[in-house]
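Participant: Shown below is the structure under consideration.
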Amino acid sequence: MLQVKKKINDDFFSKVYQVTKCIPYGRITSYGAIARYLGSGRSARMVGWALNVSHINQEFIPAHRVVNRNGLLTGKHHFGNSTTMEQLLVNEGIIIVNDWIINFEEKFWDPGTELK
DNA sequence: ATTCTGACAGCAA
DNA sequence: TTTGCTGCCAGAA
C-alpha cells in the first residue's frame with residue numbers, strides 16, 4: 001500500500017529509545033555508535049532527532065548519556081536548562097569540564113559491543 | 001510536492 | 001591542523 005503509515009512505535013526512533021534506555025548508569029555513548037548499532041552508521045543525525053522527540057515519550061530516556069563522538073554535550077541546550085544535562089552526567093560520575101566529558105573513553109558504552 | 005533543517009560523523013581541501 | 005562540505009533519514013513548513 002502506498003499509504004503505509006510508518007509507526008513510530010516500531011521505527012528507527014524506537015530502536016534508538018531501546019538502546020538509549022539500555023545505557024547503564026554512569027555510562028555514556030555516542031550518536032554514531034547507536035546509529036552504527038542500528039545499521040546506519042552515518043545516520044547519527046537521526047539518533048539525535050529521535051532523542052529530540054524522546055522527551056515526548058512516556059518513558060524516561062537518558063538522553064543525557066548520549067553525546068557526540070567528541071564527548072561534547074552538544075544537546076545540552078535541549079534539556080530545558082543548559083546545565084541539566086551536565087548536572088545529570090556529573091551526578092552519575094561523569095567528569096565534565098566546559099561541556100567536555102573528560103573520561104569519555106573511560107565511561108563509553110558501545111551498544112554494538114556491550115549490547116547485542 | 002519541494003525545500004530546509006536537525007542533539008552527527010566522515011572525508012576533502 | 002583546522003575548516004567546510006557532503007551523506008545520512010525523517011519531519012516540519
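Chains: A, B, ... in order of the C-alpha cells. Residues: from 1 per chain. Ligands: from 1, in order shown.
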Residues near DC9 (chain C), anyone? I mean within 12 Å using only C-alpha atoms (C1' of nucleotides), not counting same-chain ones fewer than 3 positions away, as a PyMOL selection string.

Facilitator: (chain A and resi 11-13+35+40-50) or (chain B and resi 6)

Participant: Write a file of the just-selected residues containing N, CA and C atoms (P, O5', C5', C4', C3', O3' and C1' of nucleotides), as a tab-separated table (two decimals), in the first residue's frame.

Facilitator:
```
chain	number	residue	atom	x	y	z
A	11	ASP	N	9.81	2.04	14.73
A	11	ASP	CA	10.66	2.69	13.76
A	11	ASP	C	12.09	2.82	14.26
A	12	PHE	N	12.82	3.50	13.47
A	12	PHE	CA	14.21	3.79	13.82
A	12	PHE	C	14.27	4.45	15.19
A	13	PHE	N	13.30	5.28	15.43
A	13	PHE	CA	13.25	6.02	16.68
A	13	PHE	C	13.12	5.08	17.86
A	35	ALA	N	23.82	4.74	16.00
A	35	ALA	CA	23.44	4.66	14.59
A	35	ALA	C	24.08	3.44	13.94
A	40	SER	N	22.74	1.85	10.38
A	40	SER	CA	23.06	3.00	9.56
A	40	SER	C	24.15	3.81	10.24
A	41	GLY	N	25.35	3.53	9.90
A	41	GLY	CA	26.47	4.19	10.54
A	41	GLY	C	26.49	5.68	10.38
A	42	ARG	N	26.01	6.16	9.26
A	42	ARG	CA	26.09	7.60	9.04
A	42	ARG	C	24.78	8.31	9.32
A	43	SER	N	23.85	7.62	9.93
A	43	SER	CA	22.57	8.26	10.22
A	43	SER	C	22.52	8.74	11.65
A	44	ALA	N	23.65	9.16	12.13
A	44	ALA	CA	23.72	9.62	13.51
A	44	ALA	C	22.77	10.78	13.75
A	45	ARG	N	22.51	11.53	12.73
A	45	ARG	CA	21.60	12.68	12.90
A	45	ARG	C	20.23	12.21	13.31
A	46	MET	N	19.86	11.06	12.81
A	46	MET	CA	18.55	10.52	13.14
A	46	MET	C	18.47	10.17	14.61
A	47	VAL	N	19.58	9.72	15.13
A	47	VAL	CA	19.62	9.40	16.56
A	47	VAL	C	19.32	10.65	17.37
A	48	GLY	N	19.98	11.70	17.01
A	48	GLY	CA	19.74	12.97	17.69
A	48	GLY	C	18.31	13.43	17.49
A	49	TRP	N	17.80	13.16	16.32
A	49	TRP	CA	16.42	13.55	16.03
A	49	TRP	C	15.45	12.77	16.91
A	50	ALA	N	15.74	11.52	17.03
A	50	ALA	CA	14.89	10.67	17.86
A	50	ALA	C	14.94	11.12	19.31
B	6	DG	P	18.25	24.18	12.26
B	6	DG	O5'	18.38	22.74	12.96
B	6	DG	C5'	17.24	22.13	13.57
B	6	DG	C4'	17.55	20.67	13.85
B	6	DG	C3'	19.00	20.47	14.32
B	6	DG	O3'	19.03	19.89	15.63
B	6	DG	C1'	18.42	18.96	12.56
```

Participant: Could you pull out all residues of chain A with a DSSP call of alpha helix (DSSP H) and give them as a PyMOL selection string?

Facilitator: chain A and resi 12-21+31-38+44-52+84-91+104-107

Participant: Using the selection just defined, write its residues with C-alpha atoms as a CSV table (one decimal), in the first residue's frame.

Facilitator:
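Written output follows (result-v5.csv):
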```
chain,number,residue,atom,x,y,z
A,12,PHE,CA,14.2,3.8,13.8
A,13,PHE,CA,13.3,6.0,16.7
A,14,SER,CA,12.0,3.2,18.8
A,15,LYS,CA,15.3,1.4,18.4
A,16,VAL,CA,17.1,4.5,19.5
A,17,TYR,CA,14.9,4.6,22.5
A,18,GLN,CA,15.5,1.0,23.3
A,19,VAL,CA,19.3,1.4,23.1
A,20,THR,CA,19.3,4.6,24.9
A,21,LYS,CA,17.3,3.2,27.8
A,31,TYR,CA,25.2,9.1,18.4
A,32,GLY,CA,27.3,7.4,15.8
A,33,ALA,CA,27.7,4.3,18.0
A,34,ILE,CA,23.9,3.9,18.3
A,35,ALA,CA,23.4,4.7,14.6
A,36,ARG,CA,26.0,2.1,13.7
A,37,TYR,CA,24.4,-0.4,16.0
A,38,LEU,CA,21.1,0.2,14.2
A,44,ALA,CA,23.7,9.6,13.5
A,45,ARG,CA,21.6,12.7,12.9
A,46,MET,CA,18.5,10.5,13.1
A,47,VAL,CA,19.6,9.4,16.6
A,48,GLY,CA,19.7,13.0,17.7
A,49,TRP,CA,16.4,13.6,16.0
A,50,ALA,CA,14.9,10.7,17.9
A,51,LEU,CA,16.3,11.9,21.1
A,52,ASN,CA,14.9,15.3,20.4
A,84,THR,CA,20.6,20.0,33.2
A,85,MET,CA,22.4,17.6,31.0
A,86,GLU,CA,25.7,18.4,32.6
A,87,GLN,CA,24.3,18.1,36.1
A,88,LEU,CA,22.8,14.7,35.4
A,89,LEU,CA,26.1,13.4,33.9
A,90,VAL,CA,28.2,14.8,36.7
A,91,ASN,CA,25.7,13.2,39.2
A,104,PHE,CA,34.6,9.9,27.8
A,105,GLU,CA,36.5,6.9,26.7
A,106,GLU,CA,36.5,5.5,30.2
A,107,LYS,CA,32.7,5.7,30.6
```

Participant: May I ask which of the residues A:Lys76, A:Tyr25, A:Trp100, A:Glu114 is the closest one to His64 (chain A), counting only C-alpha atoms?

Facilitator: A:Lys76

Participant: Give me, as a Markdown table, the closest atom pair and its distance (Å, one decimal) for every residue of chain C within a cut-off of 12 Å of chain A, counting only C-alpha atoms (C1' of nucleotides), rows sorted by chain and rising number.

Facilitator:
```
| residue | atom | partner | partner_atom | distance |
| --- | --- | --- | --- | --- |
| C:DT6 | C1' | A:Arg42 | CA | 11.3 |
| C:DG7 | C1' | A:Arg42 | CA | 7.2 |
| C:DC8 | C1' | A:Ser43 | CA | 4.5 |
| C:DC9 | C1' | A:Met46 | CA | 6.2 |
| C:DA10 | C1' | A:Met46 | CA | 7.3 |
| C:DG11 | C1' | A:Trp49 | CA | 9.2 |
```

Participant: Could you give me, as a Markdown table, every chain B residue with an atom at most 9 Å from chain A, plus its closest atom pair and distance in Å to one decimal, counting only C-alpha atoms (C1' of nucleotides), rows ordered by chain then number?

Facilitator:
```
| residue | atom | partner | partner_atom | distance |
| --- | --- | --- | --- | --- |
| B:DG6 | C1' | A:Trp49 | CA | 6.7 |
| B:DA7 | C1' | A:Gly75 | CA | 3.9 |
| B:DC8 | C1' | A:Arg45 | CA | 4.9 |
| B:DA9 | C1' | A:Arg42 | CA | 6.3 |
| B:DG10 | C1' | A:Arg42 | CA | 8.2 |
```

Participant: Please provide the set of residues having any atom within 12 Å of DA13 (chain C), restricted to only C-alpha atoms (C1' of nucleotides), with same-chain residues fewer than 3 positions apart removed, written as a list in words.

Facilitator: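 Skipping anything fewer than 3 positions along the chain leaves DT2, DT3, DC4 and DT5 of chain B.
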
Participant: For the structure I just gave you, how does DSSP split chain A - specifically, which residues are strand (DSSP E or B)? Reply as an MDAnalysis selection string.

Facilitator: chainID A and resid 28:30 66:67 72 96:97 100:101 108

Participant: Please save N, CA and C atoms of the selected residues as a CSV table (one decimal), in the first residue's frame.

Facilitator:
```
chain,number,residue,atom,x,y,z
A,28,ILE,N,28.1,6.3,29.1
A,28,ILE,CA,27.7,7.2,28.0
A,28,ILE,C,28.0,6.6,26.7
A,29,THR,N,27.4,7.1,25.7
A,29,THR,CA,27.6,6.6,24.3
A,29,THR,C,27.5,7.7,23.3
A,30,SER,N,27.8,7.4,22.1
A,30,SER,CA,27.7,8.5,21.1
A,30,SER,C,26.6,8.2,20.1
A,66,VAL,N,23.8,10.4,26.0
A,66,VAL,CA,24.2,10.3,24.6
A,66,VAL,C,24.8,11.6,24.2
A,67,VAL,N,26.0,11.5,23.8
A,67,VAL,CA,26.7,12.7,23.3
A,67,VAL,C,27.3,12.5,21.9
A,72,LEU,N,31.4,15.8,23.5
A,72,LEU,CA,30.8,17.1,23.7
A,72,LEU,C,29.3,17.1,23.9
A,96,ILE,N,32.9,16.4,33.8
A,96,ILE,CA,32.6,17.3,32.7
A,96,ILE,C,33.3,18.6,33.0
A,97,VAL,N,34.0,19.1,32.0
A,97,VAL,CA,34.7,20.4,32.2
A,97,VAL,C,34.4,21.2,30.9
A,100,TRP,N,32.7,19.4,28.2
A,100,TRP,CA,33.5,18.3,27.6
A,100,TRP,C,33.6,17.1,28.6
A,101,ILE,N,33.3,15.9,28.2
A,101,ILE,CA,33.5,14.8,29.0
A,101,ILE,C,34.9,14.3,29.1
A,108,PHE,N,32.7,5.3,28.2
A,108,PHE,CA,32.0,5.0,26.9
A,108,PHE,C,31.3,3.6,26.9
```

Participant: Any idea what the distance is between CA of Asn98 (chain A) and CA of Pro62 (chain A)?

Facilitator: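 Those two atoms sit 20.5 Å apart.
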
Participant: I'd like the neighbourhood of DA13 (chain B) as a ChimeraX atom specification, where a residue qualifies if any of its atoms comes within 12 Å (using only C-alpha atoms (C1' of nucleotides)), though same-chain residues fewer than 2 positions away should be ignored.

Facilitator: /B:11 /C:2-5

Participant: Would you mind exporting the chosen residues as a PDB file, in the first residue's frame, restricted to C-alpha atoms (C1' of nucleotides)?

Facilitator:
```pdb
ATOM      1  C1'  DC B  11      36.217  12.837   4.352  1.00  0.00           C
TER       2       DC B  11
ATOM      3  C1'  DT C   2      41.528  23.400  11.063  1.00  0.00           C
ATOM      4  C1'  DT C   3      37.643  24.460   8.318  1.00  0.00           C
ATOM      5  C1'  DG C   4      33.999  23.179   5.444  1.00  0.00           C
ATOM      6  C1'  DC C   5      31.082  20.225   2.603  1.00  0.00           C
TER       7       DC C   5
END
```

Participant: Enter the distance from CA of Gly71 (chain A) to CA of Gln58 (chain A), in Å, rounded to one decimal.

Facilitator: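 Interatomic distance here is 26.9 Å.
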